[in-house]
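For reference, protein-v2.pdb is printed below; it contains PDB, C-alpha atoms.
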ATOM      1  CA  MET A 188       0.000   0.000   0.000
ATOM      2  CA  LYS A 189       1.268   3.465  -0.868
ATOM      3  CA  ILE A 190       2.015   5.771   2.053
ATOM      4  CA  ALA A 191       3.222   9.362   2.396
ATOM      5  CA  LEU A 192       5.430  10.585   5.226
ATOM      6  CA  VAL A 193       4.924  14.161   6.423
ATOM      7  CA  GLY A 194       7.647  15.889   8.448
ATOM      8  CA  ILE A 195      11.082  14.590   7.469
ATOM      9  CA  GLY A 196      13.041  15.325  10.621
ATOM     10  CA  LYS A 197      15.181  13.269  12.974
ATOM     11  CA  ILE A 198      12.512  10.788  14.097
ATOM     12  CA  ALA A 199      11.303  10.239  10.529
ATOM     13  CA  ILE A 200      14.805   9.546   9.214
ATOM     14  CA  ASP A 201      15.879   7.455  12.209
ATOM     15  CA  GLN A 202      12.729   5.365  12.654
ATOM     16  CA  HIS A 203       9.883   5.816  10.170
ATOM     17  CA  VAL A 204      11.824   5.606   6.898
ATOM     18  CA  PRO A 205      13.703   2.381   7.827
ATOM     19  CA  ALA A 206      10.530   0.793   9.221
ATOM     20  CA  ILE A 207       8.573   1.500   6.034
ATOM     21  CA  ALA A 208      11.458   0.326   3.848
ATOM     22  CA  ALA A 209      11.629  -2.995   5.708
ATOM     23  CA  SER A 210       7.878  -3.589   5.673
ATOM     24  CA  PRO A 211       6.169  -5.880   3.157
ATOM     25  CA  ASP A 212       2.958  -3.881   3.665
ATOM     26  CA  TRP A 213       4.080  -0.399   2.613
ATOM     27  CA  GLU A 214       5.681   1.582  -0.190
ATOM     28  CA  LEU A 215       6.935   5.067   0.680
ATOM     29  CA  THR A 216       5.791   6.971  -2.371
ATOM     30  CA  ALA A 217       5.868  10.642  -1.280
ATOM     31  CA  THR A 218       7.203  12.945   1.412
ATOM     32  CA  VAL A 219       6.105  16.390   2.538
ATOM     33  CA  SER A 220       8.557  18.626   4.373
ATOM     34  CA  ARG A 221       9.849  22.174   4.284
ATOM     35  CA  LYS A 222      13.449  20.946   4.407
ATOM     36  CA  GLY A 223      13.853  17.184   4.531
ATOM     37  CA  ALA A 224      13.566  14.581   1.786
ATOM     38  CA  VAL A 225      14.194  10.892   1.181
ATOM     39  CA  GLU A 226      16.383   9.896  -1.740
ATOM     40  CA  GLY A 227      14.395   8.380  -4.597
ATOM     41  CA  VAL A 228      10.996   9.451  -3.215
ATOM     42  CA  GLU A 229       8.895  12.258  -4.688
ATOM     43  CA  ALA A 230       9.140  15.264  -2.369
ATOM     44  CA  PHE A 231       6.616  18.044  -1.779
ATOM     45  CA  ASP A 232       7.023  21.142   0.365
ATOM     46  CA  ASP A 233       3.295  21.876   0.520
ATOM     47  CA  PHE A 234       0.717  19.443   1.903
ATOM     48  CA  ALA A 235      -2.210  20.748  -0.124
ATOM     49  CA  ALA A 236      -0.142  20.343  -3.286
ATOM     50  CA  PHE A 237       0.602  16.728  -2.334
ATOM     51  CA  LEU A 238      -3.064  15.955  -1.683
ATOM     52  CA  ALA A 239      -4.042  17.425  -5.046
ATOM     53  CA  ALA A 240      -1.231  15.767  -7.004
ATOM     54  CA  ARG A 241      -1.328  12.291  -5.438
ATOM     55  CA  PRO A 242      -4.950  11.177  -4.936
ATOM     56  CA  GLY A 243      -3.813   7.553  -5.243
ATOM     57  CA  VAL A 244      -1.886   7.617  -1.938
ATOM     58  CA  PRO A 245      -4.446   6.388   0.618
ATOM     59  CA  VAL A 246      -2.400   6.657   3.830
ATOM     60  CA  VAL A 247      -0.544   9.549   5.463
ATOM     61  CA  SER A 248       1.839   9.199   8.414
ATOM     62  CA  LEU A 249       2.362  12.469  10.279
ATOM     63  CA  CYS A 250       5.737  12.976  12.002
ATOM     64  CA  LEU A 251       5.348  16.715  12.587
ATOM     65  CA  PRO A 252       5.604  18.272  16.048
ATOM     66  CA  PRO A 253       2.231  18.148  17.827
ATOM     67  CA  VAL A 254       1.203  21.820  17.528
ATOM     68  CA  PRO A 255       0.880  22.046  13.720
ATOM     69  CA  ARG A 256      -0.270  18.457  13.297
ATOM     70  CA  PHE A 257      -4.032  18.943  13.614
ATOM     71  CA  GLU A 258      -4.412  20.986  10.434
ATOM     72  CA  TYR A 259      -2.534  18.348   8.436
ATOM     73  CA  ALA A 260      -4.499  15.478   9.952
ATOM     74  CA  GLU A 261      -7.816  17.216   9.362
ATOM     75  CA  ALA A 262      -6.903  18.021   5.753
ATOM     76  CA  ALA A 263      -5.830  14.421   5.135
ATOM     77  CA  LEU A 264      -9.059  13.003   6.538
ATOM     78  CA  LEU A 265     -11.174  15.484   4.580
ATOM     79  CA  ALA A 266      -9.293  14.332   1.483
ATOM     80  CA  GLY A 267     -10.230  10.719   2.251
ATOM     81  CA  ARG A 268      -6.839   9.529   3.505
ATOM     82  CA  HIS A 269      -6.198   7.239   6.458
ATOM     83  CA  VAL A 270      -3.991   8.889   9.093
ATOM     84  CA  MET A 271      -1.258   7.619  11.399
ATOM     85  CA  LEU A 272      -0.175  10.001  14.180
ATOM     86  CA  GLU A 273       3.242  10.097  15.859
ATOM     87  CA  LYS A 274       3.087  10.386  19.620
ATOM     88  CA  PRO A 275       1.751  12.447  21.273
ATOM     89  CA  PRO A 276      -1.224  12.360  18.906
ATOM     90  CA  GLY A 277      -1.903  16.082  19.227
ATOM     91  CA  ALA A 278      -1.251  19.276  21.124
ATOM     92  CA  THR A 279      -4.593  19.010  22.960
ATOM     93  CA  LEU A 280      -7.057  16.299  23.858
ATOM     94  CA  ALA A 281      -9.952  18.141  22.215
ATOM     95  CA  GLU A 282      -8.329  18.223  18.799
ATOM     96  CA  VAL A 283      -7.720  14.471  18.823
ATOM     97  CA  HIS A 284     -11.346  13.881  19.799
ATOM     98  CA  ALA A 285     -12.307  16.034  16.812
ATOM     99  CA  LEU A 286     -10.087  13.977  14.495
ATOM    100  CA  GLN A 287     -11.536  10.760  15.897
ATOM    101  CA  ALA A 288     -15.066  11.935  15.146
ATOM    102  CA  LEU A 289     -14.089  13.077  11.653
ATOM    103  CA  ALA A 290     -12.381   9.768  10.843
ATOM    104  CA  ALA A 291     -15.402   7.828  12.082
ATOM    105  CA  SER A 292     -17.785   9.949  10.026
ATOM    106  CA  LYS A 293     -15.816   9.200   6.876
ATOM    107  CA  GLY A 294     -15.093   5.552   7.569
ATOM    108  CA  LEU A 295     -11.345   6.170   7.710
ATOM    109  CA  THR A 296      -8.619   4.771   9.939
ATOM    110  CA  LEU A 297      -7.067   6.984  12.599
ATOM    111  CA  TYR A 298      -4.225   5.440  14.578
ATOM    112  CA  THR A 299      -2.721   7.177  17.614
ATOM    113  CA  THR A 300       0.613   5.403  17.891
ATOM    114  CA  TRP A 301       2.487   4.810  21.143
ATOM    115  CA  HIS A 302       5.782   3.328  20.040
ATOM    116  CA  SER A 303       7.012   2.342  23.511
ATOM    117  CA  ARG A 304       4.090  -0.064  23.880
ATOM    118  CA  MET A 305       5.715  -2.086  21.105
ATOM    119  CA  ALA A 306       8.940  -2.575  23.069
ATOM    120  CA  HIS A 307      10.075  -6.187  23.389
ATOM    121  CA  ALA A 308       8.889  -6.933  26.942
ATOM    122  CA  VAL A 309       5.739  -4.821  27.359
ATOM    123  CA  ALA A 310       3.253  -7.530  26.345
ATOM    124  CA  ALA A 311       4.906 -10.053  28.665
ATOM    125  CA  ALA A 312       4.842  -7.584  31.555
ATOM    126  CA  LYS A 313       1.139  -6.905  30.979
ATOM    127  CA  ALA A 314       0.379 -10.618  30.965
ATOM    128  CA  TRP A 315       2.366 -11.229  34.167
ATOM    129  CA  LEU A 316       0.640  -8.386  36.037
ATOM    130  CA  ALA A 317      -2.865  -9.316  34.893
ATOM    131  CA  ASP A 318      -3.731 -11.416  37.963
ATOM    132  CA  LYS A 319      -1.528  -9.611  40.498
ATOM    133  CA  ARG A 320      -2.414  -7.006  43.129
ATOM    134  CA  ILE A 321      -0.258  -3.908  42.692
ATOM    135  CA  LEU A 322       1.261  -2.673  45.951
ATOM    136  CA  LYS A 323       3.247   0.208  44.467
ATOM    137  CA  ALA A 324       5.033   1.216  41.298
ATOM    138  CA  HIS A 325       7.661   3.754  40.349
ATOM    139  CA  ILE A 326       8.849   5.111  37.002
ATOM    140  CA  THR A 327      12.360   6.511  36.553
ATOM    141  CA  TRP A 328      12.658   8.070  33.085
ATOM    142  CA  ARG A 329      15.783  10.172  32.766
ATOM    143  CA  GLU A 330      17.505  11.057  29.520
ATOM    144  CA  ASP A 331      19.525  13.746  27.748
ATOM    145  CA  VAL A 332      17.462  16.194  25.696
ATOM    146  CA  ARG A 333      20.608  17.308  23.855
ATOM    147  CA  LYS A 334      21.084  13.779  22.543
ATOM    148  CA  TRP A 335      17.511  13.033  21.478
ATOM    149  CA  HIS A 336      16.333  16.519  20.428
ATOM    150  CA  PRO A 337      19.517  18.415  19.485
ATOM    151  CA  GLY A 338      18.757  22.082  18.924
ATOM    152  CA  GLN A 339      15.005  21.436  18.692
ATOM    153  CA  ASP A 340      13.685  24.463  20.557
ATOM    154  CA  TRP A 341      10.074  23.533  19.750
ATOM    155  CA  VAL A 342      10.102  20.972  22.578
ATOM    156  CA  PHE A 343      10.334  23.868  25.049
ATOM    157  CA  GLU A 344       7.634  25.965  23.376
ATOM    158  CA  PRO A 345       3.929  25.771  24.343
ATOM    159  CA  GLY A 346       2.590  22.473  23.080
ATOM    160  CA  GLY A 347       6.064  20.944  22.884
ATOM    161  CA  MET A 348       5.478  19.138  26.215
ATOM    162  CA  GLY A 349       9.052  19.448  27.495
ATOM    163  CA  VAL A 350      10.126  16.457  29.558
ATOM    164  CA  PHE A 351       6.722  14.895  28.932
ATOM    165  CA  ASP A 352       7.814  14.279  25.332
ATOM    166  CA  PRO A 353       9.848  11.288  26.578
ATOM    167  CA  GLY A 354       7.844  10.895  29.783
ATOM    168  CA  ILE A 355       4.664  10.149  27.885
ATOM    169  CA  ASN A 356       6.436   7.053  26.538
ATOM    170  CA  ALA A 357       6.673   5.756  30.102
ATOM    171  CA  LEU A 358       3.034   6.656  30.708
ATOM    172  CA  SER A 359       2.026   4.801  27.545
ATOM    173  CA  ILE A 360       3.642   1.661  28.971
ATOM    174  CA  LEU A 361       2.173   2.196  32.432
ATOM    175  CA  THR A 362      -1.366   2.583  31.086
ATOM    176  CA  GLU A 363      -0.866  -0.547  28.975
ATOM    177  CA  ILE A 364       0.476  -2.906  31.645
ATOM    178  CA  LEU A 365      -1.422  -2.027  34.833
ATOM    179  CA  PRO A 366      -4.446  -4.269  35.398
ATOM    180  CA  ALA A 367      -6.486  -1.291  36.672
ATOM    181  CA  PRO A 368      -6.268   2.410  35.773
ATOM    182  CA  VAL A 369      -4.765   5.063  38.032
ATOM    183  CA  HIS A 370      -5.148   8.843  38.078
ATOM    184  CA  LEU A 371      -2.824  11.699  38.911
ATOM    185  CA  THR A 372      -3.139  13.289  42.360
ATOM    186  CA  ALA A 373      -0.139  15.662  42.526
ATOM    187  CA  ALA A 374       2.851  16.866  40.516
ATOM    188  CA  SER A 375       5.853  19.174  40.824
ATOM    189  CA  LEU A 376       7.276  20.522  37.578
ATOM    190  CA  GLU A 377      10.674  22.143  37.045
ATOM    191  CA  PHE A 378      10.668  24.891  34.416
ATOM    192  CA  PRO A 379      13.927  26.450  33.211
ATOM    193  CA  SER A 380      13.715  30.199  33.772
ATOM    194  CA  ASN A 381      13.907  30.839  30.009
ATOM    195  CA  ARG A 382      11.533  28.081  28.830
ATOM    196  CA  GLN A 383       7.787  27.431  28.564
ATOM    197  CA  THR A 384       7.682  23.686  29.257
ATOM    198  CA  PRO A 385       9.190  21.612  32.086
ATOM    199  CA  ILE A 386      12.583  19.924  32.037
ATOM    200  CA  GLY A 387      11.856  17.776  35.100
ATOM    201  CA  ALA A 388       8.722  16.363  36.718
ATOM    202  CA  LYS A 389       7.754  14.330  39.771
ATOM    203  CA  LEU A 390       4.297  12.762  39.659
ATOM    204  CA  THR A 391       2.078  11.049  42.215
ATOM    205  CA  PHE A 392      -0.816   8.838  41.139
ATOM    206  CA  SER A 393      -3.500   6.898  42.936
ATOM    207  CA  GLY A 394      -2.648   3.323  43.851
ATOM    208  CA  HIS A 395       0.808   4.200  45.239
ATOM    209  CA  VAL A 396       2.252   4.903  41.788
ATOM    210  CA  THR A 397       4.932   7.575  41.352
ATOM    211  CA  ALA A 398       7.155   8.847  38.542
ATOM    212  CA  ASP A 399      10.386  10.810  38.168
ATOM    213  CA  PHE A 400      11.074  12.367  34.746
ATOM    214  CA  ASP A 401      14.214  14.353  33.960
ATOM    215  CA  TRP A 402      15.692  15.629  30.700
ATOM    216  CA  ARG A 403      19.126  16.539  32.054
ATOM    217  CA  GLN A 404      20.750  13.133  32.542
ATOM    218  CA  THR A 405      23.990  12.663  30.634
ATOM    219  CA  GLY A 406      25.843   9.397  30.107
ATOM    220  CA  PRO A 407      23.789   6.198  30.387
ATOM    221  CA  GLN A 408      20.065   6.834  30.113
ATOM    222  CA  THR A 409      17.490   5.445  32.550
ATOM    223  CA  TRP A 410      14.129   4.093  31.374
ATOM    224  CA  ASP A 411      12.802   1.903  34.218
ATOM    225  CA  ILE A 412       9.369   0.932  35.539
ATOM    226  CA  GLU A 413       9.436  -1.015  38.811
ATOM    227  CA  VAL A 414       6.311  -2.652  40.209
ATOM    228  CA  ASP A 415       5.851  -4.368  43.579
ATOM    229  CA  THR A 416       3.013  -6.888  43.675
ATOM    230  CA  ASP A 417       1.487  -9.357  46.143
ATOM    231  CA  GLN A 418       3.487 -12.042  44.312
ATOM    232  CA  GLY A 419       6.841 -10.270  44.210
ATOM    233  CA  PRO A 420       8.577  -7.538  42.213
ATOM    234  CA  MET A 421       8.608  -6.975  38.482
ATOM    235  CA  ALA A 422      10.569  -4.423  36.479
ATOM    236  CA  LEU A 423      10.791  -3.224  32.911
ATOM    237  CA  ARG A 424      14.214  -1.890  31.932
ATOM    238  CA  MET A 425      15.602  -0.276  28.798
ATOM    239  CA  GLY A 426      12.358   1.480  27.918
ATOM    240  CA  GLY A 427      10.217  -1.631  28.149
ATOM    241  CA  ASN A 428      12.617  -3.930  26.323
ATOM    242  CA  VAL A 429      13.884  -6.064  29.235
ATOM    243  CA  LEU A 430      11.615  -7.833  31.734
ATOM    244  CA  GLU A 431      12.780  -8.696  35.243
ATOM    245  CA  ILE A 432      10.760 -10.847  37.627
ATOM    246  CA  GLY A 433      11.990 -11.308  41.164
ATOM    247  CA  GLY A 434      15.150  -9.398  40.262
ATOM    248  CA  LYS A 435      16.119 -11.762  37.433
ATOM    249  CA  VAL A 436      15.885 -11.249  33.672
ATOM    250  CA  ALA A 437      12.815 -13.102  32.431
ATOM    251  CA  GLY A 438      12.371 -11.898  28.878
ATOM    252  CA  GLY A 439      12.843  -9.252  26.230
ATOM    253  CA  GLU A 440      15.954  -8.020  24.482
ATOM    254  CA  ASN A 441      18.642  -5.592  25.586
ATOM    255  CA  THR A 442      18.039  -3.271  22.640
ATOM    256  CA  ILE A 443      16.022  -0.077  22.198
ATOM    257  CA  MET A 444      14.004   1.775  19.560
ATOM    258  CA  GLY A 445      12.908  -1.252  17.558
ATOM    259  CA  GLU A 446       9.211  -0.506  17.905
ATOM    260  CA  TYR A 447       8.375   1.267  14.651
ATOM    261  CA  PRO A 448       8.100  -1.798  12.388
ATOM    262  CA  ALA A 449       5.393  -3.069  14.741
ATOM    263  CA  LEU A 450       3.540   0.258  14.476
ATOM    264  CA  TYR A 451       3.439   0.049  10.706
ATOM    265  CA  LYS A 452       2.311  -3.571  10.844
ATOM    266  CA  ARG A 453      -0.532  -2.533  13.133
ATOM    267  CA  MET A 454      -1.488   0.343  10.833
ATOM    268  CA  ALA A 455      -1.729  -2.090   7.917
ATOM    269  CA  GLU A 456      -4.027  -4.309   9.997
ATOM    270  CA  LEU A 457      -6.263  -1.391  10.969
ATOM    271  CA  VAL A 458      -6.634  -0.184   7.392
ATOM    272  CA  ALA A 459      -7.445  -3.721   6.235
ATOM    273  CA  GLN A 460     -10.061  -4.065   8.970
ATOM    274  CA  GLY A 461     -11.542  -0.611   8.399
ATOM    275  CA  ALA A 462     -10.879   0.149  12.064
ATOM    276  CA  SER A 463      -9.325   2.929  14.144
ATOM    277  CA  GLU A 464      -7.291   2.815  17.332
ATOM    278  CA  VAL A 465      -7.388   5.976  19.426
ATOM    279  CA  ASP A 466      -6.108   5.820  23.015
ATOM    280  CA  LEU A 467      -5.570   9.077  24.878
ATOM    281  CA  ALA A 468      -4.872   7.648  28.363
ATOM    282  CA  PRO A 469      -1.152   8.640  28.409
ATOM    283  CA  MET A 470      -1.995  12.143  27.208
ATOM    284  CA  VAL A 471      -4.673  12.538  29.884
ATOM    285  CA  HIS A 472      -2.021  12.014  32.564
ATOM    286  CA  VAL A 473       0.172  14.712  31.007
ATOM    287  CA  ALA A 474      -2.722  17.155  30.797
ATOM    288  CA  ASP A 475      -3.562  16.447  34.437
ATOM    289  CA  ALA A 476       0.059  17.026  35.454
ATOM    290  CA  LEU A 477       0.074  20.393  33.726
ATOM    291  CA  THR A 478      -3.222  21.210  35.458
ATOM    292  CA  LEU A 479      -2.276  20.073  38.975
ATOM    293  CA  GLY A 480       1.467  20.631  38.842
ATOM    294  CA  ARG A 481       3.256  22.947  41.235
ATOM    295  CA  ARG A 482       5.695  25.131  39.243
ATOM    296  CA  ILE A 483       9.336  25.208  40.352
ATOM    297  CA  GLU A 484      11.675  27.555  38.471
ATOM    298  CA  THR A 485      15.162  26.238  37.807
ATOM    299  CA  GLU A 486      18.271  27.423  35.958
ATOM    300  CA  ALA A 487      18.029  28.517  32.328
ATOM    301  CA  PHE A 488      18.526  25.893  29.651
ATOM    302  CA  ASP A 489      20.107  26.344  26.233
ATOM    303  CA  PHE A 490      21.236  23.788  23.651
TER     304      PHE A 490
END
Translate the structure of the given file into structure tokens.
Amino acid sequence: MKIALVGIGKIAIDQHVPAIAASPDWELTATVSRKGAVEGVEAFDDFAAFLAARPGVPVVSLCLPPVPRFEYAEAALLAGRHVMLEKPPGATLAEVHALQALAASKGLTLYTTWHSRMAHAVAAAKAWLADKRILKAHITWREDVRKWHPGQDWVFEPGGMGVFDPGINALSILTEILPAPVHLTAASLEFPSNRQTPIGAKLTFSGHVTADFDWRQTGPQTWDIEVDTDQGPMALRMGGNVLEIGGKVAGGENTIMGEYPALYKRMAELVAQGASEVDLAPMVHVADALTLGRRIETEAFDF
């Protein structure tokens, strides 16, 4: 099936393009970007021009930052195209609800992707926790913004989400694996004095669940979710790729960022089934944190 990729930046080049190239389901047949391009693929710098010129491309994958994404997604759906959204699926909850309604009204697929849910050990962790009573859980998600978003000031602008850009990956796993939902009860958010979004966050949820997000960690990165249950401890390491039960490795692979092929496989299934998959649970937690969070000003940050 022909697919177009919109927003040819770092994540598109690093993850989306290789995943599409390796997939038996997809052919990358067009790109839309103000700057980026993919060798050998027809490139447009205007989305409306692409829609007019390529009516035979039924699927659009949007890799733009969240703030401008709604207009592109709406235009694609109005033009009769199925839409795949990079995480987070939008800048606000309301706009994604609007896209969901539009897709449903036109019988089109809308897929809000959460790539970290496709990590090697997430499904096994969910299965193991299914019949357990959760005593407490803690997320430690600490990484280096300069490594993963070099010079990308948009992450610190309104709608860029700041440290919740990676933190929402942890929340997407948490909301997938817990046998019962939790809700946020308190948060403290560290804002650099010269920025609009937080660089660190500490969250408290119901059910004795807590989280520590930080975007200033250099060296080895930390992506851990630790859960204590009535039948012993479980942990997910390496961003959901390694499963530990009782302190011992019990599954997964010690590799990261291999989730995108699974996303494109799922998108192919959804289009074939005429179905959509829209889950906003991780984004709800972020919105609640920004609503309830106590603001703490910290030192200025520059790339």
Taking the file as shown, find all residues satisfying the PyMOL selection byres ((chain A and resi 350) around 12) and write them as an mmCIF file with C-alpha atoms, in the coordinates of the input.
data_model
loop_
_atom_site.group_PDB
_atom_site.id
_atom_site.type_symbol
_atom_site.label_atom_id
_atom_site.label_comp_id
_atom_site.auth_asym_id
_atom_site.auth_seq_id
_atom_site.Cartn_x
_atom_site.Cartn_y
_atom_site.Cartn_z
ATOM 1 C CA TRP A 328 12.658 8.070 33.085
ATOM 2 C CA ARG A 329 15.783 10.172 32.766
ATOM 3 C CA GLU A 330 17.505 11.057 29.520
ATOM 4 C CA ASP A 331 19.525 13.746 27.748
ATOM 5 C CA VAL A 332 17.462 16.194 25.696
ATOM 6 C CA ARG A 333 20.608 17.308 23.855
ATOM 7 C CA TRP A 335 17.511 13.033 21.478
ATOM 8 C CA HIS A 336 16.333 16.519 20.428
ATOM 9 C CA VAL A 342 10.102 20.972 22.578
ATOM 10 C CA PHE A 343 10.334 23.868 25.049
ATOM 11 C CA GLU A 344 7.634 25.965 23.376
ATOM 12 C CA GLY A 346 2.590 22.473 23.080
ATOM 13 C CA GLY A 347 6.064 20.944 22.884
ATOM 14 C CA MET A 348 5.478 19.138 26.215
ATOM 15 C CA GLY A 349 9.052 19.448 27.495
ATOM 16 C CA PHE A 351 6.722 14.895 28.932
ATOM 17 C CA ASP A 352 7.814 14.279 25.332
ATOM 18 C CA PRO A 353 9.848 11.288 26.578
ATOM 19 C CA GLY A 354 7.844 10.895 29.783
ATOM 20 C CA ILE A 355 4.664 10.149 27.885
ATOM 21 C CA ASN A 356 6.436 7.053 26.538
ATOM 22 C CA ALA A 357 6.673 5.756 30.102
ATOM 23 C CA LEU A 376 7.276 20.522 37.578
ATOM 24 C CA GLU A 377 10.674 22.143 37.045
ATOM 25 C CA PHE A 378 10.668 24.891 34.416
ATOM 26 C CA PRO A 379 13.927 26.450 33.211
ATOM 27 C CA ARG A 382 11.533 28.081 28.830
ATOM 28 C CA GLN A 383 7.787 27.431 28.564
ATOM 29 C CA THR A 384 7.682 23.686 29.257
ATOM 30 C CA PRO A 385 9.190 21.612 32.086
ATOM 31 C CA ILE A 386 12.583 19.924 32.037
ATOM 32 C CA GLY A 387 11.856 17.776 35.100
ATOM 33 C CA ALA A 388 8.722 16.363 36.718
ATOM 34 C CA LYS A 389 7.754 14.330 39.771
ATOM 35 C CA ASP A 399 10.386 10.810 38.168
ATOM 36 C CA PHE A 400 11.074 12.367 34.746
ATOM 37 C CA ASP A 401 14.214 14.353 33.960
ATOM 38 C CA TRP A 402 15.692 15.629 30.700
ATOM 39 C CA ARG A 403 19.126 16.539 32.054
ATOM 40 C CA GLN A 404 20.750 13.133 32.542
ATOM 41 C CA VAL A 473 0.172 14.712 31.007
ATOM 42 C CA ALA A 476 0.059 17.026 35.454
ATOM 43 C CA LEU A 477 0.074 20.393 33.726
#
Checklist entry - In terms of the shortest atom-to-atom distance over only C-alpha atoms, which of A:Gly227, A:Gly438, A:Pro469, A:Gly194 is closest to Thr362 of chain A? => result A:Pro469
Next on the checklist: Taking all atoms listed in the file into account, name the residue in A:Gly419, A:Phe234, A:Pro448, A:Ala398 that is nearest to Ala266 of chain A.
Outcome noted: A:Phe234
Checklist entry - So what does the PyMOL selection byres ((chain A and resi 295) around 9) actually pick up in this one, as a list in words? => result Leu264, Gly267, Arg268, His269, Val270, Leu289, Ala290, Ala291, Ser292, Lys293, Gly294, Thr296, Leu297, Val458, Gly461, Ala462 and Ser463 of chain A
Item to check | Ground truth for the PyMOL selection byres ((chain A and resi 475) around 10), written as a VMD selection string | outcome: chain A and resid 370 to 374 470 to 474 476 to 480
Checklist entry - From the set A:Glu363, A:Trp315, A:Pro368, A:Gly439, which residue has the shortest atom-to-atom contact distance to Met421 of chain A, counting all atoms listed in the file? => result A:Trp315
Item to check | Exercise: His302 of chain A partners within 9 Å, all atoms listed in the file, chain neighbours under 6 positions left out, as a ChimeraX atom specification | outcome: /A:273-274,356,359,444-447,449-450
Next on the checklist: Could you tell me how far atom CA of Gly394 of chain A sits from atom CA of Thr416 of chain A, in Å to one decimal place?
Outcome noted: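 If I compute the distance from atom CA of Thr416 of chain A to atom CA of Gly394 of chain A, I get 11.7 Å.
Interatomic distance, atom CA of Leu430 of chain A against atom CA of Arg304 of chain A: 13.4 Å.
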Item to check | Residue contacts of Val414 of chain A (10 Å, only C-alpha atoms) excluding same-chain residues fewer than 4 positions away, as a count of residues only | outcome: 15
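Rounded to one decimal, atom CA of Ser220 of chain A and atom CA of Leu238 of chain A lie 13.4 Å from each other.
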Next on the checklist: Excluding Lys189 of chain A and its own-chain neighbours fewer than 2 positions away, which residues fall within 9 Å of it when counting all atoms listed in the file? Please give them as a list in words.
Outcome noted: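 Skipping anything fewer than 2 positions along the chain leaves Ala191, Asp212, Trp213, Glu214, Leu215, Thr216, Ala217, Gly243, Val244, Pro245, Val246 and Val247 of chain A.
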Pop segment 258-269 of chain A out of the structure in the block and write N, CA, C and O atoms as a CSV table (one decimal), in the first residue's frame.
chain,number,residue,atom,x,y,z
A,258,GLU,N,-4.0,20.5,11.7
A,258,GLU,CA,-4.4,21.0,10.4
A,258,GLU,C,-4.1,20.0,9.3
A,258,GLU,O,-4.9,19.8,8.4
A,259,TYR,N,-2.9,19.4,9.4
A,259,TYR,CA,-2.5,18.3,8.4
A,259,TYR,C,-3.4,17.1,8.5
A,259,TYR,O,-3.9,16.6,7.5
A,260,ALA,N,-3.7,16.7,9.8
A,260,ALA,CA,-4.5,15.5,10.0
A,260,ALA,C,-5.9,15.7,9.5
A,260,ALA,O,-6.5,14.9,8.8
A,261,GLU,N,-6.5,16.9,9.8
A,261,GLU,CA,-7.8,17.2,9.4
A,261,GLU,C,-7.9,17.3,7.8
A,261,GLU,O,-8.8,16.7,7.2
A,262,ALA,N,-6.9,17.9,7.2
A,262,ALA,CA,-6.9,18.0,5.8
A,262,ALA,C,-6.8,16.6,5.1
A,262,ALA,O,-7.5,16.4,4.1
A,263,ALA,N,-6.0,15.8,5.7
A,263,ALA,CA,-5.8,14.4,5.1
A,263,ALA,C,-7.1,13.6,5.2
A,263,ALA,O,-7.6,13.0,4.3
A,264,LEU,N,-7.8,13.7,6.4
A,264,LEU,CA,-9.1,13.0,6.5
A,264,LEU,C,-10.1,13.6,5.6
A,264,LEU,O,-10.9,12.8,5.0
A,265,LEU,N,-10.2,14.9,5.5
A,265,LEU,CA,-11.2,15.5,4.6
A,265,LEU,C,-10.9,15.1,3.1
A,265,LEU,O,-11.8,15.0,2.3
A,266,ALA,N,-9.7,14.8,2.8
A,266,ALA,CA,-9.3,14.3,1.5
A,266,ALA,C,-9.4,12.8,1.3
A,266,ALA,O,-9.1,12.3,0.3
A,267,GLY,N,-10.0,12.1,2.4
A,267,GLY,CA,-10.2,10.7,2.3
A,267,GLY,C,-9.0,9.8,2.5
A,267,GLY,O,-9.0,8.7,2.1
A,268,ARG,N,-8.0,10.3,3.2
A,268,ARG,CA,-6.8,9.5,3.5
A,268,ARG,C,-6.9,9.0,4.9
A,268,ARG,O,-7.3,9.7,5.9
A,269,HIS,N,-6.4,7.8,5.1
A,269,HIS,CA,-6.2,7.2,6.5
A,269,HIS,C,-5.0,7.9,7.1
A,269,HIS,O,-4.0,8.3,6.4
